[in-house]
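> Got a file for you: my_file_25.cif, mmCIF, C-alpha atoms and all ligand atoms.
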```
data_model
loop_
_atom_site.label_atom_id
_atom_site.label_comp_id
_atom_site.auth_asym_id
_atom_site.auth_seq_id
_atom_site.Cartn_x
_atom_site.Cartn_y
_atom_site.Cartn_z
CA MET C 127 13.72 202.38 117.15
CA PHE C 128 15.14 203.02 120.64
CA ASN C 129 12.65 202.49 123.43
CA LYS C 130 13.94 204.41 126.46
CA SER C 131 10.99 203.40 128.62
CA ASP C 132 11.88 199.72 128.46
CA LEU C 133 15.67 199.53 128.48
CA HIS C 134 15.81 196.18 130.28
CA SER C 135 14.13 194.45 127.32
CA TYR C 136 17.38 194.92 125.37
CA ILE C 137 19.25 192.63 127.76
CA THR C 138 18.86 188.90 127.10
CA PHE C 139 20.11 185.88 129.06
CA ASP C 140 20.72 182.72 127.06
CA ALA C 141 20.37 179.76 129.44
CA ALA C 142 21.73 177.30 126.86
CA THR C 143 25.08 179.08 126.37
CA GLY C 144 25.25 181.17 129.52
CA LYS C 145 25.79 184.28 127.42
CA ILE C 146 24.33 187.71 128.14
CA HIS C 147 23.67 190.16 125.32
CA LEU C 148 22.74 193.79 124.91
CA LYS C 149 20.95 193.29 121.62
CA ASP C 150 23.77 191.72 119.56
CA GLN C 151 26.64 192.74 121.80
CA ARG C 152 27.92 190.23 124.35
CA MET C 153 28.14 191.47 127.94
CA ILE C 154 29.32 189.94 131.19
CA LEU C 155 28.02 190.33 134.71
CA VAL C 156 30.87 191.12 137.11
CA GLY C 157 30.59 191.84 140.82
CA THR C 158 31.63 195.31 141.93
CA ASP C 159 33.83 193.70 144.60
CA ALA C 160 35.84 191.95 141.88
CA ILE C 161 36.40 195.21 139.99
CA GLY C 162 37.14 196.89 143.31
CA LEU C 163 39.92 194.38 144.04
CA LEU C 164 41.44 194.87 140.59
CA ARG C 165 41.28 198.64 141.09
CA ARG C 166 42.84 198.31 144.56
CA ASP C 167 45.74 196.22 143.23
CA LEU C 168 46.30 198.63 140.34
CA ILE C 169 46.59 201.56 142.77
CA ARG C 170 48.90 199.59 145.06
CA SER C 171 51.05 198.56 142.11
CA VAL C 172 51.57 201.83 140.29
CA GLY C 173 50.48 204.48 142.79
CA MET C 174 47.41 206.69 142.93
CA ASP C 175 48.46 209.23 140.30
CA GLN C 176 49.42 206.68 137.66
CA ALA C 177 46.38 204.50 138.40
CA LYS C 178 44.15 207.55 137.95
CA LYS C 179 45.50 208.07 134.43
CA ILE C 180 45.03 204.40 133.54
CA LEU C 181 41.46 204.33 134.92
CA LEU C 182 40.57 207.56 133.10
CA ARG C 183 42.00 206.12 129.90
CA TYR C 184 40.12 202.85 130.34
CA GLY C 185 36.85 204.71 131.02
CA ARG C 186 37.32 207.02 128.06
CA ASN C 187 38.06 204.21 125.61
CA TYR C 188 35.08 202.28 126.99
CA GLY C 189 32.83 205.35 126.53
CA VAL C 190 33.95 205.82 122.92
CA GLU C 191 33.30 202.14 122.11
CA PHE C 192 29.97 202.19 123.94
CA ALA C 193 28.82 205.20 121.90
CA LYS C 194 29.87 203.52 118.63
CA ASN C 195 28.18 200.25 119.58
CA LEU C 196 24.93 201.90 120.62
CA LYS C 197 24.80 203.77 117.34
CA ALA C 198 25.34 200.52 115.45
CA LEU C 199 22.79 198.56 117.54
CA PHE C 200 19.93 201.03 117.47
CA SER C 201 18.29 203.08 114.78
CA PHE C 202 18.29 206.44 116.49
CA GLU C 203 15.87 208.93 115.04
CA SER C 204 18.14 211.90 115.72
CA PRO C 205 21.64 212.73 117.04
CA PHE C 206 19.91 214.05 120.14
CA GLU C 207 18.37 210.60 120.83
CA TRP C 208 21.82 209.00 120.45
CA PHE C 209 23.23 211.63 122.81
CA HIS C 210 20.70 210.77 125.54
CA ALA C 211 20.84 207.00 125.02
CA GLY C 212 24.26 206.77 126.72
CA PRO C 213 23.25 208.03 130.17
CA GLN C 214 19.99 206.08 129.91
CA MET C 215 21.73 202.84 129.05
CA SER C 216 24.36 203.40 131.73
CA LYS C 217 21.56 203.17 134.31
CA ILE C 218 21.06 199.50 133.53
CA THR C 219 24.76 198.72 133.88
CA GLY C 220 24.45 199.34 137.61
CA ALA C 221 27.63 201.44 137.76
CA PHE C 222 25.85 204.58 138.93
CA PHE C 223 22.59 206.47 138.62
CA SER C 224 22.87 209.66 136.64
CA GLN C 225 20.67 212.67 137.03
CA ASN C 226 21.13 215.57 134.66
CA ALA C 227 21.06 219.00 136.23
CA LYS C 228 21.76 221.10 133.16
CA ILE C 229 22.48 220.39 129.51
CA ILE C 230 23.25 222.92 126.79
CA TYR C 231 23.92 221.20 123.53
CA ASN C 232 23.85 222.61 120.02
CA HIS C 233 25.32 220.38 117.36
CA THR C 234 25.29 223.20 114.79
CA THR C 235 27.00 225.93 116.83
CA GLY C 236 29.21 223.54 118.77
CA GLU C 237 27.96 224.85 122.10
CA TYR C 238 28.22 222.18 124.80
CA PHE C 239 27.88 222.18 128.56
CA ALA C 240 26.54 219.51 130.90
CA GLU C 241 26.22 219.27 134.64
CA GLY C 242 24.88 216.23 136.42
CA TYR C 243 24.76 214.23 139.61
CA TRP C 244 25.93 210.67 140.03
CA HIS C 245 24.34 208.66 142.78
CA TYR C 246 25.46 205.29 144.16
CA SER C 247 28.75 205.30 142.24
CA TYR C 248 30.20 201.79 142.59
CA GLU C 249 33.68 203.26 142.09
CA ALA C 250 33.35 205.65 145.05
CA GLU C 251 32.00 202.77 147.18
CA GLN C 252 34.95 200.56 146.29
CA HIS C 253 37.48 203.34 146.85
CA LEU C 254 36.09 204.04 150.32
CA LYS C 255 36.11 200.33 151.09
CA HIS C 256 39.80 199.88 150.30
CA PHE C 257 41.36 203.29 150.86
CA GLY C 258 38.93 205.39 152.89
CA VAL C 259 38.11 209.04 152.13
CA HIS C 260 40.41 210.56 149.52
CA ASN C 261 41.43 214.21 149.13
CA GLU C 262 40.04 214.48 145.58
CA PRO C 263 37.30 212.83 143.46
CA VAL C 264 37.85 209.15 142.72
CA CYS C 265 35.29 208.09 140.08
CA HIS C 266 37.88 208.01 137.31
CA THR C 267 36.37 205.28 135.10
CA LEU C 268 32.95 206.98 135.22
CA THR C 269 34.52 210.36 134.45
CA GLY C 270 36.43 208.89 131.53
CA PHE C 271 33.39 206.97 130.31
CA ILE C 272 31.09 210.00 130.10
CA GLY C 273 33.86 212.06 128.47
CA GLY C 274 34.50 209.32 125.90
CA TYR C 275 30.83 208.85 125.11
CA ALA C 276 30.20 212.59 124.73
CA SER C 277 33.35 213.07 122.63
CA GLU C 278 32.41 210.30 120.21
CA HIS C 279 28.95 211.73 119.80
CA TYR C 280 30.01 215.35 119.66
CA GLY C 281 32.97 214.77 117.33
CA ARG C 282 35.32 216.85 119.46
CA ASP C 283 37.08 216.31 122.79
CA ILE C 284 34.74 216.68 125.73
CA ILE C 285 36.41 216.62 129.12
CA VAL C 286 34.53 215.67 132.26
CA LYS C 287 35.60 216.65 135.76
CA GLU C 288 34.08 215.68 139.07
CA ILE C 289 33.52 218.70 141.30
CA LYS C 290 32.09 216.72 144.20
CA CYS C 291 32.53 213.03 144.94
CA VAL C 292 31.30 210.54 147.52
CA GLY C 293 34.85 209.21 147.54
CA LYS C 294 36.09 212.47 149.05
CA GLY C 295 33.28 212.65 151.57
CA ASP C 296 30.60 214.53 149.63
CA GLU C 297 26.96 213.48 149.74
CA HIS C 298 26.89 212.78 146.01
CA CYS C 299 29.14 213.06 142.97
CA LEU C 300 28.73 216.16 140.80
CA MET C 301 30.29 216.35 137.36
CA ILE C 302 30.76 219.06 134.75
CA ALA C 303 31.38 218.32 131.07
CA LYS C 304 32.55 220.82 128.47
CA PRO C 305 34.85 221.00 125.44
CA ALA C 306 38.56 220.61 126.21
CA LYS C 307 39.37 224.12 124.96
CA GLU C 308 37.08 225.62 127.61
CA TRP C 309 38.94 224.08 130.54
CA ASP C 310 42.04 225.61 132.13
CA GLU C 311 45.24 223.84 131.23
CA LYS C 312 45.73 222.62 134.81
CA ASP C 313 42.33 220.90 134.66
CA LEU C 314 43.42 218.89 131.65
CA LEU C 315 46.70 217.62 133.02
CA ASP C 316 45.38 214.16 133.95
CA GLN C 317 43.39 213.74 130.77
CA LEU C 318 45.62 215.31 128.14
CA ASP C 319 47.81 212.23 128.00
CA GLN C 320 44.95 209.81 127.52
CA ASP C 321 45.92 208.84 123.98
CA SER C 322 49.53 208.21 124.81
CA GLN C 323 50.23 204.57 125.57
CA GLU C 324 53.89 205.52 125.62
CA MET C 325 53.21 207.85 128.55
CA ILE C 326 51.85 204.98 130.60
CA GLU C 327 54.74 202.70 129.70
CA ILE C 328 57.43 205.28 130.42
CA ASN C 329 55.99 206.27 133.76
CA SER C 330 55.31 202.80 135.03
CA PRO C 331 58.18 201.59 137.25
CA PHE C 332 56.88 198.04 136.96
CA LEU C 333 56.96 198.04 133.17
CA LYS C 334 60.48 199.44 133.36
CA ILE C 335 61.50 196.56 135.64
CA GLU C 336 59.77 194.08 133.33
CA LYS C 337 61.67 195.44 130.32
CA GLN C 338 64.95 195.30 132.23
CA ARG C 339 64.21 191.70 133.22
CA ASP C 340 63.52 190.78 129.57
CA ALA C 341 66.77 192.45 128.51
CA TYR C 342 68.64 190.58 131.25
CA LYS C 343 67.17 187.24 130.09
CA LYS C 344 68.23 187.97 126.51
CA LEU C 345 71.72 188.88 127.71
CA LEU C 346 72.01 185.61 129.65
CA LYS C 347 70.92 183.60 126.61
CA PHE C 348 73.38 185.54 124.47
CA ASN C 349 76.24 184.78 126.88
CA GLU C 350 75.34 181.08 127.00
CA LYS C 351 75.34 180.78 123.21
CA LEU C 352 78.57 182.74 122.83
CA SER C 353 80.30 180.54 125.45
CA GLU C 354 79.06 177.45 123.60
CA ILE C 355 80.57 178.67 120.31
CA LEU C 356 83.88 179.54 122.01
CA ILE C 357 84.09 176.15 123.77
CA GLN C 358 83.41 174.34 120.49
CA GLY C 359 86.40 176.23 119.06
CA GLN C 360 84.49 177.47 116.05
CA GLU C 361 86.14 179.78 113.55
CA LEU C 362 86.31 183.52 114.06
CA SER C 363 83.90 184.06 111.13
CA SER C 364 81.24 181.95 112.94
CA ILE C 365 81.61 184.05 116.09
CA ILE C 366 81.34 187.32 114.16
CA LYS C 367 78.32 185.97 112.26
CA PHE C 368 76.62 184.95 115.52
CA LEU C 369 77.25 188.40 117.04
CA GLY C 370 75.91 190.18 113.95
CA GLU C 371 72.78 188.03 113.64
CA THR C 372 71.95 188.11 117.33
CA LEU C 373 72.48 191.85 117.76
CA ASN C 374 71.04 192.59 114.32
CA LEU C 375 74.02 194.83 113.64
CA GLY C 376 77.00 194.99 111.33
CA VAL C 377 80.11 193.73 113.12
CA THR C 378 83.80 194.20 112.28
CA LEU C 379 86.87 192.76 113.96
CA GLU C 380 90.12 194.66 113.47
CA ASP C 381 93.68 194.26 114.64
CA LYS C 382 95.50 196.83 116.79
CA ASP C 383 96.34 198.84 113.64
CA PHE C 384 92.65 198.95 112.60
CA ARG C 385 93.12 196.47 109.74
CA LEU C 386 90.06 194.38 108.99
CA ILE C 387 90.21 190.73 110.12
CA GLU C 388 86.56 189.66 109.87
CA SER C 389 83.24 191.34 109.20
CA PHE C 390 79.54 190.61 109.11
CA GLY C 391 76.67 192.63 107.66
CA LEU C 392 77.00 196.10 106.28
CA PHE C 393 80.51 196.83 107.54
CA LYS C 394 82.96 195.59 104.92
CA TYR C 395 85.64 198.15 105.68
CA SER C 396 88.05 198.52 108.56
CA MET C 397 88.57 201.76 110.44
CA LEU C 398 91.88 202.07 108.57
CA ASP C 399 90.07 201.83 105.20
CA ILE C 400 87.63 204.56 106.28
CA ILE C 401 90.42 206.87 107.51
CA ASN C 402 92.42 206.36 104.32
CA SER C 403 89.42 207.01 102.07
CA THR C 404 88.50 210.14 104.06
CA PHE C 405 91.97 211.63 103.71
CA ALA C 406 92.12 210.61 100.07
CA GLU C 407 88.90 212.56 99.39
CA ARG C 408 90.32 215.67 101.09
CA LYS C 409 93.58 215.56 99.16
CA PRO C 410 93.82 218.60 96.81
CA ALA C 411 93.68 217.72 93.14
ZN ZN V 501 32.52 210.23 142.54
#
```
Will you turn the file into structure tokens for me?
Ligand SMILES: [Zn+2]


Amino acid sequence: MFNKSDLHSYITFDAATGKIHLKDQRMILVGTDAIGLLRRDLIRSVGMDQAKKILLRYGRNYGVEFAKNLKALFSFESPFEWFHAGPQMSKITGAFFSQNAKIIYNHTTGEYFAEGYWHYSYEAEQHLKHFGVHNEPVCHTLTGFIGGYASEHYGRDIIVKEIKCVGKGDEHCLMIAKPAKEWDEKDLLDQLDQDSQEMIEINSPFLKIEKQRDAYKKLLKFNEKLSEILIQGQELSSIIKFLGETLNLGVTLEDKDFRLIESFGLFKYSMLDIINSTFAERKPA
């Protein structure tokens, strides 16, 4: 049974172990300044646009997990109770204070629309602290979180957008949530890619540099080993074997007339063998 009038009773502090739990789920208490610094460094590292996608993705995944966990932790009497438990529980996380303005929700017909205010958003506070007033809403993790929670509960993609935000100078944050298909395509641009880890990797210049650095390290190691084999005067077959195993490829060594000298792996034929067999196949009977 979920008791919405006494939410704090679900949080326990174990003095012996130092652990905090929400019923059976372990939680940690983190200062908003610490998260704000991480958020600041993320934005400085990958830029505002890319950071927005990462924060939205983080929030959305968190919302999905939170919805699943709440369902597992509590015996909700109805889907509607589960639906409302998310915003109620989020009040005790301290991230923001939500106030619903309008909710239309029909699990049978699929109708869904929600409008609500967020007060005291920690994310807007931290954004203002490090970057000042922005030209668009900034509560990306909260936006993602509510969208993720609603989507998990609803069973279809719900997309949340902030219409007003303290981070862009408004008095409060105002969000609208509705099914993805009811938004214009331009409104979904930031959130459409949320499931694509590849998108984040491809667009991140730092990950690209990291991959290039790894490739460079491998190349250096490869050169060192190859030099070692050559200095030791090992046989040609050892060199070809090393190349094949290291590159994970078939390797052939041919003379200037394409005759096979050495091979490793799948390639057992020289270019000359291949050419001869090709012409032999084409020869009329
Ligand atoms: Zn906001």

> Residues of region 212-322 of chain C that approach region 149-170 of chain C to 7 Å or less, counting only C-alpha atoms: could you list each one with the shortest pair of atoms and its distance in Å to one decimal, rows by chain and increasing residue number, as JSON lines?


```
{"residue": "C:Tyr248", "atom": "CA", "partner": "C:Thr158", "partner_atom": "CA", "distance": 6.7}
{"residue": "C:Gln252", "atom": "CA", "partner": "C:Gly162", "partner_atom": "CA", "distance": 5.2}
{"residue": "C:His256", "atom": "CA", "partner": "C:Arg166", "partner_atom": "CA", "distance": 6.7}
```

> Please measure the separation of CA of Lys290 (chain C) and CA of Gly185 (chain C), giving the value in Å to one decimal.

18.5 Å

> Contacts between ligand ZN 501 (chain V) and chain C, please, where a residue of chain C counts if it comes within 6 Å (with only C-alpha atoms and all ligand atoms); show its shortest atom pair and distance in Å to one decimal, rows by chain and ascending number, as JSON lines.


```
{"residue": "C:Ala250", "atom": "CA", "partner": "V:ZN501", "partner_atom": "ZN", "distance": 5.3}
{"residue": "C:Pro263", "atom": "CA", "partner": "V:ZN501", "partner_atom": "ZN", "distance": 5.5}
{"residue": "C:Val264", "atom": "CA", "partner": "V:ZN501", "partner_atom": "ZN", "distance": 5.4}
{"residue": "C:Cys265", "atom": "CA", "partner": "V:ZN501", "partner_atom": "ZN", "distance": 4.3}
{"residue": "C:Cys291", "atom": "CA", "partner": "V:ZN501", "partner_atom": "ZN", "distance": 3.7}
{"residue": "C:Val292", "atom": "CA", "partner": "V:ZN501", "partner_atom": "ZN", "distance": 5.1}
{"residue": "C:Gly293", "atom": "CA", "partner": "V:ZN501", "partner_atom": "ZN", "distance": 5.6}
{"residue": "C:Cys299", "atom": "CA", "partner": "V:ZN501", "partner_atom": "ZN", "distance": 4.4}
```

> What gap, in Å, lies between CA of Phe368 (chain C) and CA of Ile387 (chain C)?

15.7 Å

> Please report the interatomic distance between CA of His279 (chain C) and CA of Ile230 (chain C) in Å with one decimal.

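Answer for the CA of His279 (chain C) to CA of Ile230 (chain C) separation: 14.4 Å.
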
> Can you tell me which residues surround Phe202 (chain C) at a distance of at most 8 Å, considering all atoms listed in the file, apart from same-chain residues fewer than 5 positions away, and format the answer as a VMD selection string?

chain C and resid 127 to 128 197 207 to 208

> Calculated over all atoms listed in the file, which of the candidates C:Met174, C:Ile272, C:Ile229, C:Leu345 has the smallest distance to Tyr188 (chain C)?

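The closest residue to Tyr188 (chain C) is C:Ile272.
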
> Which residue, C:Leu148, C:Ile365, C:Leu386, C:Leu182, has the smallest gap to Met215 (chain C) when you use all atoms listed in the file?

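Ranking C:Leu148, C:Ile365, C:Leu386, C:Leu182 by distance to Met215 (chain C), first place goes to C:Leu148.
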
> Report as JSON, numbers by chain all protein, DNA and RNA residues lying within 12 Å of Met301 (chain C), evaluated on only C-alpha atoms, omitting residues in the same chain fewer than 2 positions from it.

{"C": [224, 225, 226, 227, 228, 229, 239, 240, 241, 242, 243, 244, 245, 263, 264, 265, 266, 268, 269, 270, 272, 273, 285, 286, 287, 288, 289, 290, 291, 292, 298, 299, 303, 304]}

> Using all atoms listed in the file, can you list as a list in words the residues within 12 Å of (29.4, 203.4, 117.6)?

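With a cut-off of 12 Å, the residues come to Gln151, Asn187, Tyr188, Gly189, Val190, Glu191, Phe192, Ala193, Lys194, Asn195, Leu196, Lys197, Ala198, Leu199, Phe200, Ser201, Phe202, Trp208, Phe209, Ala211, Gly212, Gly274, Tyr275, Ala276, Ser277, Glu278, His279 and Gly281 of chain C.
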
> Please determine, counting all atoms listed in the file, which residue among C:Phe348, C:Phe384, C:Tyr342, C:Phe271 has the shortest atom-to-atom distance to Arg186 (chain C).

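For Arg186 (chain C), the nearest of the given residues is C:Phe271.
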
> When you count all atoms listed in the file, which of these residues is closest to Gly220 (chain C): C:Tyr246, C:Phe257, C:Tyr280, C:Tyr238?

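Checking each of C:Tyr246, C:Phe257, C:Tyr280, C:Tyr238 against Gly220 (chain C), counting all atoms listed in the file, the winner is C:Tyr246.
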